[in-house]
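Below is my_file.txt, which holds compact mmCIF, C-alpha atoms.
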# COMPACT_ATOMS: atom_id res chain seq x y z
CA MET A 1 -18.15 35.03 3.80
CA LYS A 2 -17.32 32.21 1.46
CA LYS A 3 -17.08 29.79 4.37
CA THR A 4 -20.56 30.82 5.54
CA VAL A 5 -22.01 30.08 2.11
CA PHE A 6 -20.27 26.71 2.03
CA ALA A 7 -21.46 25.88 5.54
CA ALA A 8 -25.04 26.74 4.61
CA ALA A 9 -24.83 24.61 1.48
CA VAL A 10 -23.42 21.69 3.48
CA ILE A 11 -26.17 22.01 6.10
CA VAL A 12 -28.84 21.98 3.39
CA LEU A 13 -27.21 18.89 1.89
CA GLY A 14 -27.22 17.29 5.34
CA GLY A 15 -30.95 17.88 5.63
CA LEU A 16 -31.46 16.23 2.26
CA LEU A 17 -29.29 13.27 3.34
CA CYS A 18 -31.29 12.83 6.53
CA GLY A 19 -34.45 12.93 4.43
CA THR A 20 -33.29 9.88 2.49
CA PHE A 21 -33.39 7.77 5.66
CA GLU A 22 -37.05 7.18 4.85
CA ALA A 23 -36.15 5.43 1.63
CA ILE A 24 -33.68 2.86 2.98
CA HIS A 25 -34.37 0.05 5.37
CA PRO A 26 -34.11 0.64 9.14
CA PHE A 27 -30.75 -0.19 10.65
CA GLY A 28 -30.34 -3.88 11.32
CA ILE A 29 -33.30 -5.19 9.32
CA PRO A 30 -32.36 -5.71 5.65
CA TYR A 31 -35.26 -6.51 3.36
CA GLU A 32 -33.85 -8.81 0.68
CA THR A 33 -31.41 -11.40 2.03
CA ALA A 34 -31.95 -14.35 -0.33
CA MET A 35 -28.67 -13.92 -2.22
CA ASP A 36 -26.61 -13.52 0.96
CA ASP A 37 -28.27 -16.52 2.60
CA TYR A 38 -27.37 -18.57 -0.48
CA PHE A 39 -23.75 -17.46 -0.15
CA LEU A 40 -23.68 -18.15 3.57
CA VAL A 41 -24.85 -21.73 3.08
CA HIS A 42 -23.00 -22.65 -0.09
CA ALA A 43 -19.62 -21.16 0.81
CA LEU A 44 -19.27 -23.87 3.42
CA SER A 45 -21.13 -26.74 1.77
CA ASP A 46 -19.78 -26.44 -1.78
CA ARG A 47 -16.46 -24.67 -1.32
CA SER A 48 -15.36 -25.81 2.16
CA ALA A 49 -14.42 -22.24 3.10
CA GLN A 50 -15.21 -21.12 6.64
CA ASN A 51 -14.65 -17.45 5.85
CA VAL A 52 -17.60 -16.45 3.70
CA VAL A 53 -16.18 -13.06 2.77
CA THR A 54 -12.95 -14.49 1.37
CA SER A 55 -14.91 -17.13 -0.49
CA LEU A 56 -17.06 -14.38 -1.95
CA VAL A 57 -14.09 -12.21 -2.92
CA PHE A 58 -12.00 -14.92 -4.56
CA ASP A 59 -14.60 -17.32 -5.86
CA PHE A 60 -18.08 -15.96 -6.41
CA ARG A 61 -16.85 -12.49 -7.35
CA GLY A 62 -13.45 -13.46 -8.69
CA PHE A 63 -13.69 -11.38 -11.84
CA ASP A 64 -14.29 -8.29 -9.72
CA THR A 65 -11.16 -9.08 -7.74
CA LEU A 66 -9.17 -9.43 -10.96
CA GLY A 67 -10.23 -5.90 -11.88
CA GLU A 68 -9.26 -4.74 -8.40
CA ALA A 69 -5.78 -6.24 -8.77
CA ALA A 70 -5.53 -4.58 -12.17
CA VAL A 71 -6.42 -1.22 -10.58
CA LEU A 72 -3.65 -1.69 -8.02
CA PHE A 73 -1.19 -2.55 -10.80
CA THR A 74 -2.29 0.46 -12.85
CA ALA A 75 -1.82 2.84 -9.93
CA LEU A 76 1.64 1.39 -9.31
CA THR A 77 2.52 1.83 -12.99
CA ALA A 78 1.34 5.44 -12.89
CA ILE A 79 3.43 6.18 -9.80
CA GLY A 80 6.44 4.54 -11.41
CA ALA A 81 5.98 6.61 -14.57
CA LEU A 82 5.65 9.76 -12.48
CA PHE A 83 8.90 9.18 -10.60
CA ARG A 84 10.74 7.46 -13.40
CA ASP A 85 14.08 9.22 -13.00
CA GLY A 86 14.06 9.34 -9.24
CA GLY A 87 12.42 12.76 -9.20
CA LYS A 88 15.52 14.50 -10.55
CA ARG A 89 13.57 16.37 -13.23
CA GLU A 90 12.37 19.69 -11.96
CA MET B 1 15.10 10.49 6.47
CA LYS B 2 17.50 10.14 9.35
CA PRO B 3 17.36 7.09 11.59
CA LEU B 4 15.39 7.24 14.79
CA SER B 5 16.74 6.63 18.26
CA VAL B 6 17.98 3.33 19.68
CA VAL B 7 14.59 2.60 21.21
CA VAL B 8 12.88 2.39 17.84
CA THR B 9 15.68 0.43 16.21
CA SER B 10 15.73 -2.10 19.07
CA VAL B 11 11.99 -2.59 18.78
CA PHE B 12 12.46 -3.00 15.04
CA ASP B 13 15.16 -5.64 15.53
CA ILE B 14 12.98 -7.67 17.85
CA PHE B 15 9.47 -7.33 16.51
CA ALA B 16 9.58 -6.52 12.80
CA TRP B 17 10.29 -10.12 11.82
CA PHE B 18 7.28 -11.36 13.74
CA MET B 19 5.26 -8.86 11.75
CA ILE B 20 6.24 -10.69 8.56
CA VAL B 21 5.39 -14.02 10.14
CA PHE B 22 2.01 -12.70 11.20
CA GLY B 23 1.32 -11.33 7.73
CA VAL B 24 2.16 -14.68 6.13
CA TYR B 25 -0.12 -16.37 8.66
CA VAL B 26 -2.97 -14.06 7.72
CA ILE B 27 -2.38 -14.76 4.03
CA ASN B 28 -2.18 -18.53 4.44
CA ASN B 29 -5.24 -18.83 6.67
CA GLY B 30 -7.37 -16.41 4.71
CA HIS B 31 -10.05 -19.01 4.01
CA ASN B 32 -10.51 -19.86 7.70
CA THR B 33 -9.77 -16.78 9.77
CA PRO B 34 -10.51 -13.08 9.30
CA GLY B 35 -8.15 -11.74 6.70
CA GLY B 36 -6.99 -12.79 3.30
CA GLY B 37 -4.53 -11.86 0.62
CA PHE B 38 -5.03 -8.12 0.65
CA GLN B 39 -4.92 -7.66 4.40
CA GLY B 40 -1.96 -9.97 4.98
CA GLY B 41 -0.11 -8.41 2.08
CA ALA B 42 -0.63 -4.99 3.59
CA ILE B 43 0.75 -6.27 6.92
CA VAL B 44 3.85 -7.69 5.25
CA ALA B 45 4.37 -4.55 3.19
CA THR B 46 4.39 -2.50 6.39
CA PHE B 47 7.86 -3.96 6.98
CA MET B 48 9.53 -1.78 4.36
CA SER B 49 7.87 1.34 5.76
CA PHE B 50 9.13 0.31 9.19
CA VAL B 51 12.66 -0.01 7.83
CA LEU B 52 12.39 3.46 6.33
CA VAL B 53 11.09 5.03 9.53
CA ALA B 54 13.36 3.22 11.99
CA TYR B 55 16.68 2.95 10.17
CA GLY B 56 16.45 5.87 7.79
CA GLY B 57 16.79 6.27 4.07
CA LYS B 58 20.31 4.94 3.51
CA LYS B 59 19.61 1.53 4.96
CA PHE B 60 16.25 1.48 3.20
CA MET B 61 17.85 2.08 -0.17
CA THR B 62 20.37 -0.69 0.44
CA TRP B 63 17.68 -3.13 1.52
CA ALA B 64 15.02 -2.44 -1.07
CA ARG B 65 15.19 -4.40 -4.31
CA GLU B 66 13.08 -2.86 -7.03
CA GLY B 67 13.40 -5.82 -9.38
CA ALA B 68 12.42 -8.33 -6.72
CA TYR B 69 9.28 -6.40 -5.81
CA GLY B 70 8.36 -5.93 -9.45
CA ALA B 71 8.82 -9.65 -10.05
CA LEU B 72 6.68 -10.44 -6.99
CA GLU B 73 3.95 -8.15 -8.28
CA LEU B 74 3.97 -9.60 -11.79
CA ILE B 75 4.16 -13.22 -10.62
CA GLY B 76 1.27 -12.65 -8.23
CA LEU B 77 -0.92 -11.05 -10.88
CA MET B 78 -0.16 -13.71 -13.48
CA ALA B 79 -0.70 -16.53 -10.98
CA PHE B 80 -4.02 -15.01 -9.99
CA PHE B 81 -5.08 -14.89 -13.64
CA ALA B 82 -3.88 -18.48 -14.16
CA PHE B 83 -5.86 -19.73 -11.16
CA GLY B 84 -8.87 -17.99 -12.62
CA CYS B 85 -8.30 -19.81 -15.91
CA LEU B 86 -8.28 -23.18 -14.10
CA GLY B 87 -12.05 -23.31 -14.11
CA PHE B 88 -12.47 -22.76 -17.81
CA PRO B 89 -14.57 -25.77 -18.84
CA ASN B 90 -17.32 -24.33 -16.64
CA ALA B 91 -16.68 -20.63 -16.28
CA PHE B 92 -13.95 -18.08 -15.75
CA PHE B 93 -12.99 -18.10 -12.05
CA TYR B 94 -15.01 -21.25 -11.40
CA ASN B 95 -13.60 -23.04 -8.38
CA SER B 96 -12.99 -26.41 -9.98
CA LEU B 97 -10.55 -27.67 -7.33
CA ALA B 98 -12.84 -27.29 -4.34
CA ILE B 99 -13.97 -30.36 -2.47
CA PRO B 100 -17.50 -30.13 -1.06
CA HIS B 101 -17.88 -30.28 2.66
CA GLY B 102 -17.41 -33.83 3.90
CA GLY B 103 -15.85 -35.06 0.68
CA THR B 104 -12.57 -36.85 0.28
CA PRO B 105 -9.58 -34.84 -0.92
CA LEU B 106 -7.81 -35.69 -4.18
CA SER B 107 -4.42 -35.21 -2.59
CA GLU B 108 -3.31 -34.21 0.85
CA TRP B 109 -1.39 -31.27 -0.58
CA LEU B 110 -4.43 -29.64 -2.14
CA PRO B 111 -6.47 -27.43 0.17
CA TYR B 112 -10.10 -28.31 0.62
CA CYS B 113 -11.31 -24.93 -0.50
CA GLY B 114 -9.58 -25.23 -3.87
CA THR B 115 -8.40 -22.10 -5.59
CA ILE B 116 -9.46 -19.77 -2.79
CA SER B 117 -6.33 -20.27 -0.70
CA LEU B 118 -4.10 -20.43 -3.79
CA MET B 119 -5.53 -17.10 -4.92
CA ASN B 120 -4.94 -15.76 -1.41
CA VAL B 121 -1.24 -16.52 -1.76
CA ALA B 122 -1.07 -15.03 -5.25
CA VAL B 123 -2.86 -11.83 -4.28
CA GLY B 124 -0.78 -11.59 -1.12
CA ALA B 125 2.41 -11.66 -3.19
CA GLU B 126 0.99 -9.05 -5.52
CA VAL B 127 0.00 -6.68 -2.73
CA VAL B 128 3.38 -7.08 -0.99
CA GLY B 129 5.18 -6.15 -4.18
CA ALA B 130 2.86 -3.28 -5.06
CA LEU B 131 2.85 -1.55 -1.66
CA SER B 132 6.60 -1.95 -1.15
CA LEU B 133 7.19 -0.49 -4.61
CA VAL B 134 4.91 2.45 -3.81
CA VAL B 135 6.99 3.20 -0.70
CA TYR B 136 10.20 2.78 -2.70
CA TYR B 137 9.13 5.11 -5.49
CA MET B 138 7.76 7.78 -3.20
CA TYR B 139 10.87 7.81 -1.03
CA GLY B 140 13.08 7.80 -4.10
CA SER B 141 11.34 10.92 -5.32
CA ILE B 142 11.95 12.89 -2.13
CA ARG B 143 15.47 11.58 -1.58
CA MET B 144 17.05 14.37 -3.63
CA VAL B 145 15.22 16.98 -1.61
CA ASP B 146 16.12 15.15 1.56
CA THR B 147 19.87 15.21 1.09
CA GLY B 148 20.04 18.54 -0.70
CA ALA B 149 21.73 21.35 1.16
CA GLY B 150 19.42 24.05 -0.10
CA MET B 151 16.27 22.72 1.45
CA GLY B 152 17.43 23.23 5.01
CA GLY B 153 17.76 19.58 5.80
CA GLU B 154 16.02 17.69 8.51
CA ARG B 155 16.92 17.32 12.09
CA GLY B 156 16.66 14.00 13.84
CA HIS B 157 13.08 13.12 14.60
CA ASP B 158 13.34 12.25 18.24
CA ARG B 159 16.91 12.71 19.39
CA PHE B 160 18.29 15.91 20.74
CA ASP B 161 21.98 15.40 20.10
CA ARG B 162 21.91 16.16 16.38
CA MET C 1 -35.25 -13.03 26.85
CA THR C 2 -32.45 -12.34 24.42
CA ASP C 3 -34.98 -11.38 21.81
CA SER C 4 -36.46 -8.65 23.99
CA ILE C 5 -32.96 -7.38 24.82
CA ALA C 6 -32.16 -7.28 21.13
CA GLU C 7 -35.33 -5.37 20.34
CA ASN C 8 -34.62 -2.90 23.11
CA ALA C 9 -31.11 -2.37 21.78
CA LEU C 10 -32.52 -1.83 18.30
CA ASP C 11 -34.95 0.76 19.62
CA PHE C 12 -32.11 2.46 21.43
CA VAL C 13 -29.81 2.59 18.42
CA GLY C 14 -32.42 3.40 15.80
CA ASN C 15 -30.97 5.08 12.75
CA ALA C 16 -28.04 6.65 14.60
CA PRO C 17 -25.34 4.89 12.51
CA TYR C 18 -26.78 6.41 9.33
CA VAL C 19 -26.61 9.82 11.02
CA VAL C 20 -22.94 9.20 11.77
CA VAL C 21 -22.31 8.41 8.10
CA ALA C 22 -24.13 11.58 7.04
CA LEU C 23 -22.06 13.65 9.48
CA LEU C 24 -18.83 12.17 8.14
CA VAL C 25 -19.85 12.93 4.55
CA LEU C 26 -20.77 16.51 5.43
CA MET C 27 -17.57 17.10 7.39
CA SER C 28 -15.41 15.83 4.55
CA LEU C 29 -17.35 17.89 1.99
CA TYR C 30 -16.95 21.03 4.08
CA ALA C 31 -13.23 20.38 4.48
CA MET C 32 -12.84 19.83 0.74
CA LEU C 33 -14.62 23.09 -0.03
CA THR C 34 -12.91 25.35 2.47
CA GLN C 35 -9.38 24.04 3.04
CA LYS C 36 -6.48 25.47 1.06
CA ASN C 37 -3.82 22.86 1.72
CA LEU C 38 -3.58 20.00 -0.74
CA ILE C 39 -2.69 17.47 1.97
CA LYS C 40 -5.81 18.43 3.91
CA ILE C 41 -7.91 17.99 0.79
CA CYS C 42 -6.42 14.51 0.38
CA ILE C 43 -7.36 13.70 3.97
CA ALA C 44 -10.90 14.91 3.31
CA ILE C 45 -11.20 12.70 0.24
CA SER C 46 -10.00 9.73 2.30
CA ILE C 47 -12.61 10.46 4.99
CA LEU C 48 -15.30 10.60 2.29
CA GLY C 49 -14.25 7.17 1.00
CA ALA C 50 -14.17 5.76 4.52
CA SER C 51 -17.66 7.05 5.22
CA VAL C 52 -18.97 5.41 2.07
CA ASN C 53 -17.33 2.14 3.14
CA MET C 54 -18.95 2.48 6.55
CA PHE C 55 -22.33 3.04 4.89
CA LEU C 56 -21.91 -0.13 2.83
CA VAL C 57 -21.11 -2.21 5.90
CA LEU C 58 -24.03 -0.69 7.82
CA MET C 59 -26.42 -1.56 5.00
CA GLY C 60 -25.49 -5.20 5.41
CA TYR C 61 -25.89 -5.38 9.17
CA ARG C 62 -28.48 -7.84 10.36
CA HIS C 63 -29.52 -7.40 13.92
CA GLY C 64 -28.19 -10.08 16.23
CA GLY C 65 -25.98 -11.56 13.55
CA GLY C 66 -22.47 -12.80 14.03
CA ILE C 67 -19.47 -12.26 11.80
CA PRO C 68 -19.67 -14.22 8.51
CA ILE C 69 -17.15 -16.88 9.52
CA HIS C 70 -18.81 -20.15 10.34
CA TYR C 71 -16.80 -21.41 13.29
CA LEU C 72 -16.26 -17.98 14.83
CA LYS C 73 -19.80 -16.66 14.81
CA GLY C 74 -20.54 -17.78 18.36
CA ALA C 75 -24.02 -18.48 19.60
CA GLN C 76 -25.87 -16.35 17.05
CA GLU C 77 -28.22 -18.11 14.67
CA SER C 78 -27.80 -15.65 11.82
CA MET C 79 -24.85 -13.87 10.27
CA VAL C 80 -24.52 -10.41 8.80
CA LEU C 81 -24.69 -10.09 5.04
CA PRO C 82 -21.33 -10.89 3.42
CA THR C 83 -21.80 -9.17 0.05
CA PRO C 84 -21.47 -5.55 1.28
CA GLN C 85 -18.33 -6.54 3.18
CA CYS C 86 -16.91 -7.99 -0.02
CA LEU C 87 -17.70 -4.76 -1.88
CA THR C 88 -16.09 -2.80 0.95
CA LEU C 89 -12.92 -4.88 0.69
CA THR C 90 -12.71 -4.04 -3.00
CA ALA C 91 -13.37 -0.36 -2.31
CA ILE C 92 -10.69 -0.19 0.39
CA VAL C 93 -7.99 -1.51 -1.92
CA ILE C 94 -9.00 0.83 -4.72
CA ALA C 95 -9.06 3.75 -2.27
CA LEU C 96 -5.56 2.80 -1.18
CA ALA C 97 -4.33 2.82 -4.79
CA THR C 98 -5.95 6.16 -5.54
CA THR C 99 -4.59 7.66 -2.32
CA ALA C 100 -1.07 6.61 -3.25
CA LEU C 101 -1.46 8.16 -6.70
CA MET C 102 -2.97 11.33 -5.21
CA LEU C 103 -0.11 11.80 -2.75
CA SER C 104 2.42 11.22 -5.53
CA LEU C 105 0.78 13.96 -7.56
CA VAL C 106 0.93 16.21 -4.50
CA ILE C 107 4.65 15.51 -4.23
CA MET C 108 5.10 16.48 -7.88
CA VAL C 109 3.05 19.68 -7.39
CA ASN C 110 5.14 20.61 -4.39
CA LYS C 111 8.35 20.09 -6.36
CA HIS C 112 7.10 22.08 -9.32
CA TYR C 113 5.59 25.06 -7.53
CA GLY C 114 7.28 24.95 -4.13
CA THR C 115 4.00 25.32 -2.28
CA LEU C 116 0.90 23.34 -1.38
CA ASP C 117 -1.53 26.26 -1.14
CA ILE C 118 -4.03 26.07 -3.99
CA ASP C 119 -4.41 29.86 -4.13
CA GLU C 120 -0.66 30.25 -4.49
CA ILE C 121 -0.59 27.61 -7.22
CA ARG C 122 -3.38 29.35 -9.08
CA ARG C 123 -1.61 32.69 -8.82
CA LEU C 124 1.72 31.35 -10.00
CA ARG C 125 0.66 29.71 -13.26
CA GLY C 126 -2.53 30.84 -14.93
Can you turn what I pasted into structure tokens?
Amino acid sequence: MKKTVFAAAVIVLGGLLCGTFEAIHPFGIPYETAMDDYFLVHALSDRSAQNVVTSLVFDFRGFDTLGEAAVLFTALTAIGALFRDGGKRE
Amino acid sequence: MKPLSVVVTSVFDIFAWFMIVFGVYVINNGHNTPGGGFQGGAIVATFMSFVLVAYGGKKFMTWAREGAYGALELIGLMAFFAFGCLGFPNAFFYNSLAIPHGGTPLSEWLPYCGTISLMNVAVGAEVVGALSLVVYYMYGSIRMVDTGAGMGGERGHDRFDR
Amino acid sequence: MTDSIAENALDFVGNAPYVVVALLVLMSLYAMLTQKNLIKICIAISILGASVNMFLVLMGYRHGGGIPIHYLKGAQESMVLPTPQCLTLTAIVIALATTALMLSLVIMVNKHYGTLDIDEIRRLRG
């Protein structure tokens, strides 16, 4: 019974999701590409990096990557605090 | 975890070291080829999981060094932050060491792309330390259950003689 | 010649990748709502994150574009958009960190209660 209700709710949500396809661009034809074209040209000409994605991650969006590394460190610290005594505590 | 059969350990002996070499290659060539610090670090950190699966928990606990991985993690994070601070006259994380395409390098030891490859190495070290420590902590938490007599124990994964 | 082939391929594909993303989201939501095992709920959350990553990469696809690496892109004139791939890289690492934390919490729950069934856990302690 409960599963039927959940399945119906999920199907309704799926219909709503398929309705939002009208609002986004068709697959393969992005509308606004000025920023990405700038990155594609200047990653090679200014930074001498062939891999545009790495150049974007570590240079243009470096502050974002610092936060990402901090998230990784925080998760590690949380795991270490959780298992501090080798899991001996019941 | 008990060690797996001789097939897995032989494959480990032959190929696991090349896995580390491949991970270091991915880290070092992150500015030219697909990959980078995070991906190469994940490849290198797979080595400790491979030790745990192939040779079992006892050998894993003798091989793993918690302090070394913690130091690797901290050094990587601090080096990443320091490389970000290199561009401070202009902006935080400004790539002040990069040489524009076709320019002449300041020194033959500096990479053309400046801090991008240096940050790749730093982040690679950080990810290696972090993921290995995650495996170490999570195995250390289930080790008591693993060797305890009350929990029924675990048979060998793929061998029939034990 | 190649242009007409590309347009035909685009007509053939249409919006099917977005439909795949929607199906993945719905499947993971259904699994999260109906499953009782904590490990299965963790798997469902991981599938939800993976579908969101896939949606980000699909948003940046430019038809006929090569990979955003200059000397590996081949004969294509254009490249796909690099910014969504960068965001996806960030999201993958954060999803990895949260998955590790989630599984550690599952380990602690299993040690504390001796079960992974959420109904059992609810029955045992208020």
How close does chain A get to chain C? List, as CSV, each residue of chain A within 8 Å, its nearest atom pair and the distance in Å to one decimal, counting only C-alpha atoms.
residue,atom,partner,partner_atom,distance
A:Lys3,CA,C:Thr34,CA,6.4
A:Phe6,CA,C:Tyr30,CA,6.9
A:Ala7,CA,C:Tyr30,CA,6.8
A:Val10,CA,C:Leu26,CA,6.1
A:Ile11,CA,C:Leu26,CA,7.7
A:Leu13,CA,C:Leu26,CA,7.7
A:Gly14,CA,C:Leu26,CA,6.5
A:Leu17,CA,C:Ala22,CA,6.6
A:Cys18,CA,C:Val19,CA,7.2
A:Phe21,CA,C:Tyr18,CA,7.7
A:Pro26,CA,C:Asn15,CA,6.5
A:Phe27,CA,C:Asn15,CA,5.7
A:Gly28,CA,C:His63,CA,4.5
A:Ile29,CA,C:Arg62,CA,5.6
A:Pro30,CA,C:Arg62,CA,6.5
A:Thr33,CA,C:Leu81,CA,7.5
A:Asp36,CA,C:Leu81,CA,5.7
A:Asp37,CA,C:Leu81,CA,7.8
A:Phe39,CA,C:Pro82,CA,7.9
A:Leu40,CA,C:Pro68,CA,7.5
A:Leu44,CA,C:His70,CA,7.9
A:Gln50,CA,C:His70,CA,5.3
A:Asn51,CA,C:Ile69,CA,4.5
A:Val52,CA,C:Pro68,CA,5.7
A:Val53,CA,C:Pro82,CA,5.6
A:Thr54,CA,C:Cys86,CA,7.7
A:Leu56,CA,C:Cys86,CA,6.7
A:Val57,CA,C:Cys86,CA,5.8
A:Thr65,CA,C:Thr90,CA,7.1
A:Glu68,CA,C:Thr90,CA,6.4
A:Val71,CA,C:Ile94,CA,6.7
A:Leu72,CA,C:Ala97,CA,5.6
A:Ala75,CA,C:Ala97,CA,5.7
A:Leu76,CA,C:Ala97,CA,7.6
A:Ala78,CA,C:Leu101,CA,7.3
A:Ile79,CA,C:Leu101,CA,6.1
A:Leu82,CA,C:Ser104,CA,7.8
A:Glu90,CA,C:His112,CA,6.4
Inset, instruction - Report as JSON, numbers by chain the set of chain B residues whose atoms approach chain C to within 12 Å, with distances computed over all atoms listed in the file. - result: {"B": [30, 31, 32, 33, 34, 35, 36, 37, 38, 39, 41, 42, 123, 127, 130, 131, 132, 133, 134, 135, 136, 137, 138, 139, 140, 141, 142, 143, 144, 145, 151]}
Inset, instruction - Compute the set of chain A residues within 7 Å of chain B, using all atoms listed in the file, and express it as a PyMOL selection string. - result: chain A and resi 44-51+54-55+58-59+62-63+76+80+83+86-87
Inset, instruction - Would you work out the distance separating CA of Asn90 in chain B from CA of Pro105 in chain B, expressed in Å to one decimal? - result: 20.4 Å
Legend entry - Thr9 in chain B surroundings by all atoms listed in the file, 9 Å radius, close-in-sequence under 6 positions cut, as a PyMOL selection string: chain B and resi 3+51+54-55
Legend entry - Spatial neighbours of Gly23 in chain B, 6 Å, all atoms listed in the file, chain gap at least 5 places, as a list in words: Gly40, Ile43 and Val44 of chain B
Legend entry - Nearest candidate to Val121 in chain B (options B:Ala68, B:Val53, B:Ala91, B:Ala79; using only C-alpha atoms): B:Ala79
Legend entry - Exercise: Lys36 in chain C partners within 8 Å, all atoms listed in the file, chain neighbours under 6 positions left out, as a ChimeraX atom specification: /C:117-119
Inset, instruction - Quote the spacing between CA of Asn53 in chain C and CA of Arg61 in chain A in Å to one decimal place. - result: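 Value for the CA of Asn53 in chain C-CA of Arg61 in chain A distance: 18.0 Å.
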Inset, instruction - Take CA of Val7 in chain B and CA of Met61 in chain B and report the distance between them in Å, one decimal. - result: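 Pair CA of Val7 in chain B / CA of Met61 in chain B returns 21.6 Å.
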Could you write range 21-39 of chain B as a PDB file, in the coordinates of the input, with N, CA and C atoms rebuilt where they are missing?
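Contents of selection.pdb, freshly written:
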ATOM      1  N   VAL B  21       5.961 -12.702   9.874  1.00  0.00           N
ATOM      2  CA  VAL B  21       5.390 -14.020  10.140  1.00  0.00           C
ATOM      3  C   VAL B  21       3.877 -13.923  10.308  1.00  0.00           C
ATOM      4  N   PHE B  22       3.441 -12.882  11.004  1.00  0.00           N
ATOM      5  CA  PHE B  22       2.010 -12.700  11.200  1.00  0.00           C
ATOM      6  C   PHE B  22       1.286 -12.407   9.888  1.00  0.00           C
ATOM      7  N   GLY B  23       1.942 -11.616   9.020  1.00  0.00           N
ATOM      8  CA  GLY B  23       1.320 -11.330   7.730  1.00  0.00           C
ATOM      9  C   GLY B  23       1.191 -12.586   6.878  1.00  0.00           C
ATOM     10  N   VAL B  24       2.228 -13.430   6.904  1.00  0.00           N
ATOM     11  CA  VAL B  24       2.160 -14.680   6.130  1.00  0.00           C
ATOM     12  C   VAL B  24       1.093 -15.603   6.712  1.00  0.00           C
ATOM     13  N   TYR B  25       0.946 -15.578   8.023  1.00  0.00           N
ATOM     14  CA  TYR B  25      -0.120 -16.370   8.660  1.00  0.00           C
ATOM     15  C   TYR B  25      -1.493 -15.898   8.195  1.00  0.00           C
ATOM     16  N   VAL B  26      -1.674 -14.588   8.150  1.00  0.00           N
ATOM     17  CA  VAL B  26      -2.970 -14.060   7.720  1.00  0.00           C
ATOM     18  C   VAL B  26      -3.239 -14.424   6.268  1.00  0.00           C
ATOM     19  N   ILE B  27      -2.193 -14.392   5.429  1.00  0.00           N
ATOM     20  CA  ILE B  27      -2.380 -14.760   4.030  1.00  0.00           C
ATOM     21  C   ILE B  27      -2.743 -16.237   3.907  1.00  0.00           C
ATOM     22  N   ASN B  28      -2.000 -17.098   4.625  1.00  0.00           N
ATOM     23  CA  ASN B  28      -2.180 -18.530   4.440  1.00  0.00           C
ATOM     24  C   ASN B  28      -3.482 -19.038   5.018  1.00  0.00           C
ATOM     25  N   ASN B  29      -3.994 -18.380   6.068  1.00  0.00           N
ATOM     26  CA  ASN B  29      -5.240 -18.830   6.670  1.00  0.00           C
ATOM     27  C   ASN B  29      -6.416 -17.937   6.286  1.00  0.00           C
ATOM     28  N   GLY B  30      -6.314 -17.331   5.102  1.00  0.00           N
ATOM     29  CA  GLY B  30      -7.370 -16.410   4.710  1.00  0.00           C
ATOM     30  C   GLY B  30      -8.719 -17.048   4.528  1.00  0.00           C
ATOM     31  N   HIS B  31      -8.770 -18.357   4.224  1.00  0.00           N
ATOM     32  CA  HIS B  31     -10.050 -19.010   4.010  1.00  0.00           C
ATOM     33  C   HIS B  31     -10.697 -19.441   5.320  1.00  0.00           C
ATOM     34  N   ASN B  32      -9.945 -19.417   6.438  1.00  0.00           N
ATOM     35  CA  ASN B  32     -10.510 -19.860   7.700  1.00  0.00           C
ATOM     36  C   ASN B  32     -10.675 -18.746   8.715  1.00  0.00           C
ATOM     37  N   THR B  33      -9.747 -17.815   8.759  1.00  0.00           N
ATOM     38  CA  THR B  33      -9.770 -16.780   9.770  1.00  0.00           C
ATOM     39  C   THR B  33     -10.020 -15.426   9.105  1.00  0.00           C
ATOM     40  N   PRO B  34     -10.354 -14.408   9.888  1.00  0.00           N
ATOM     41  CA  PRO B  34     -10.510 -13.080   9.300  1.00  0.00           C
ATOM     42  C   PRO B  34      -9.222 -12.635   8.635  1.00  0.00           C
ATOM     43  N   GLY B  35      -9.331 -12.153   7.440  1.00  0.00           N
ATOM     44  CA  GLY B  35      -8.150 -11.740   6.700  1.00  0.00           C
ATOM     45  C   GLY B  35      -8.206 -12.265   5.291  1.00  0.00           C
ATOM     46  N   GLY B  36      -7.053 -12.354   4.679  1.00  0.00           N
ATOM     47  CA  GLY B  36      -6.990 -12.790   3.300  1.00  0.00           C
ATOM     48  C   GLY B  36      -5.752 -12.209   2.649  1.00  0.00           C
ATOM     49  N   GLY B  37      -5.716 -12.285   1.330  1.00  0.00           N
ATOM     50  CA  GLY B  37      -4.530 -11.860   0.620  1.00  0.00           C
ATOM     51  C   GLY B  37      -4.247 -10.381   0.759  1.00  0.00           C
ATOM     52  N   PHE B  38      -5.267  -9.562   0.624  1.00  0.00           N
ATOM     53  CA  PHE B  38      -5.030  -8.120   0.650  1.00  0.00           C
ATOM     54  C   PHE B  38      -4.579  -7.649   2.034  1.00  0.00           C
ATOM     55  N   GLN B  39      -5.254  -8.131   3.053  1.00  0.00           N
ATOM     56  CA  GLN B  39      -4.920  -7.660   4.400  1.00  0.00           C
ATOM     57  C   GLN B  39      -3.545  -8.151   4.826  1.00  0.00           C
TER      58      GLN B  39
END
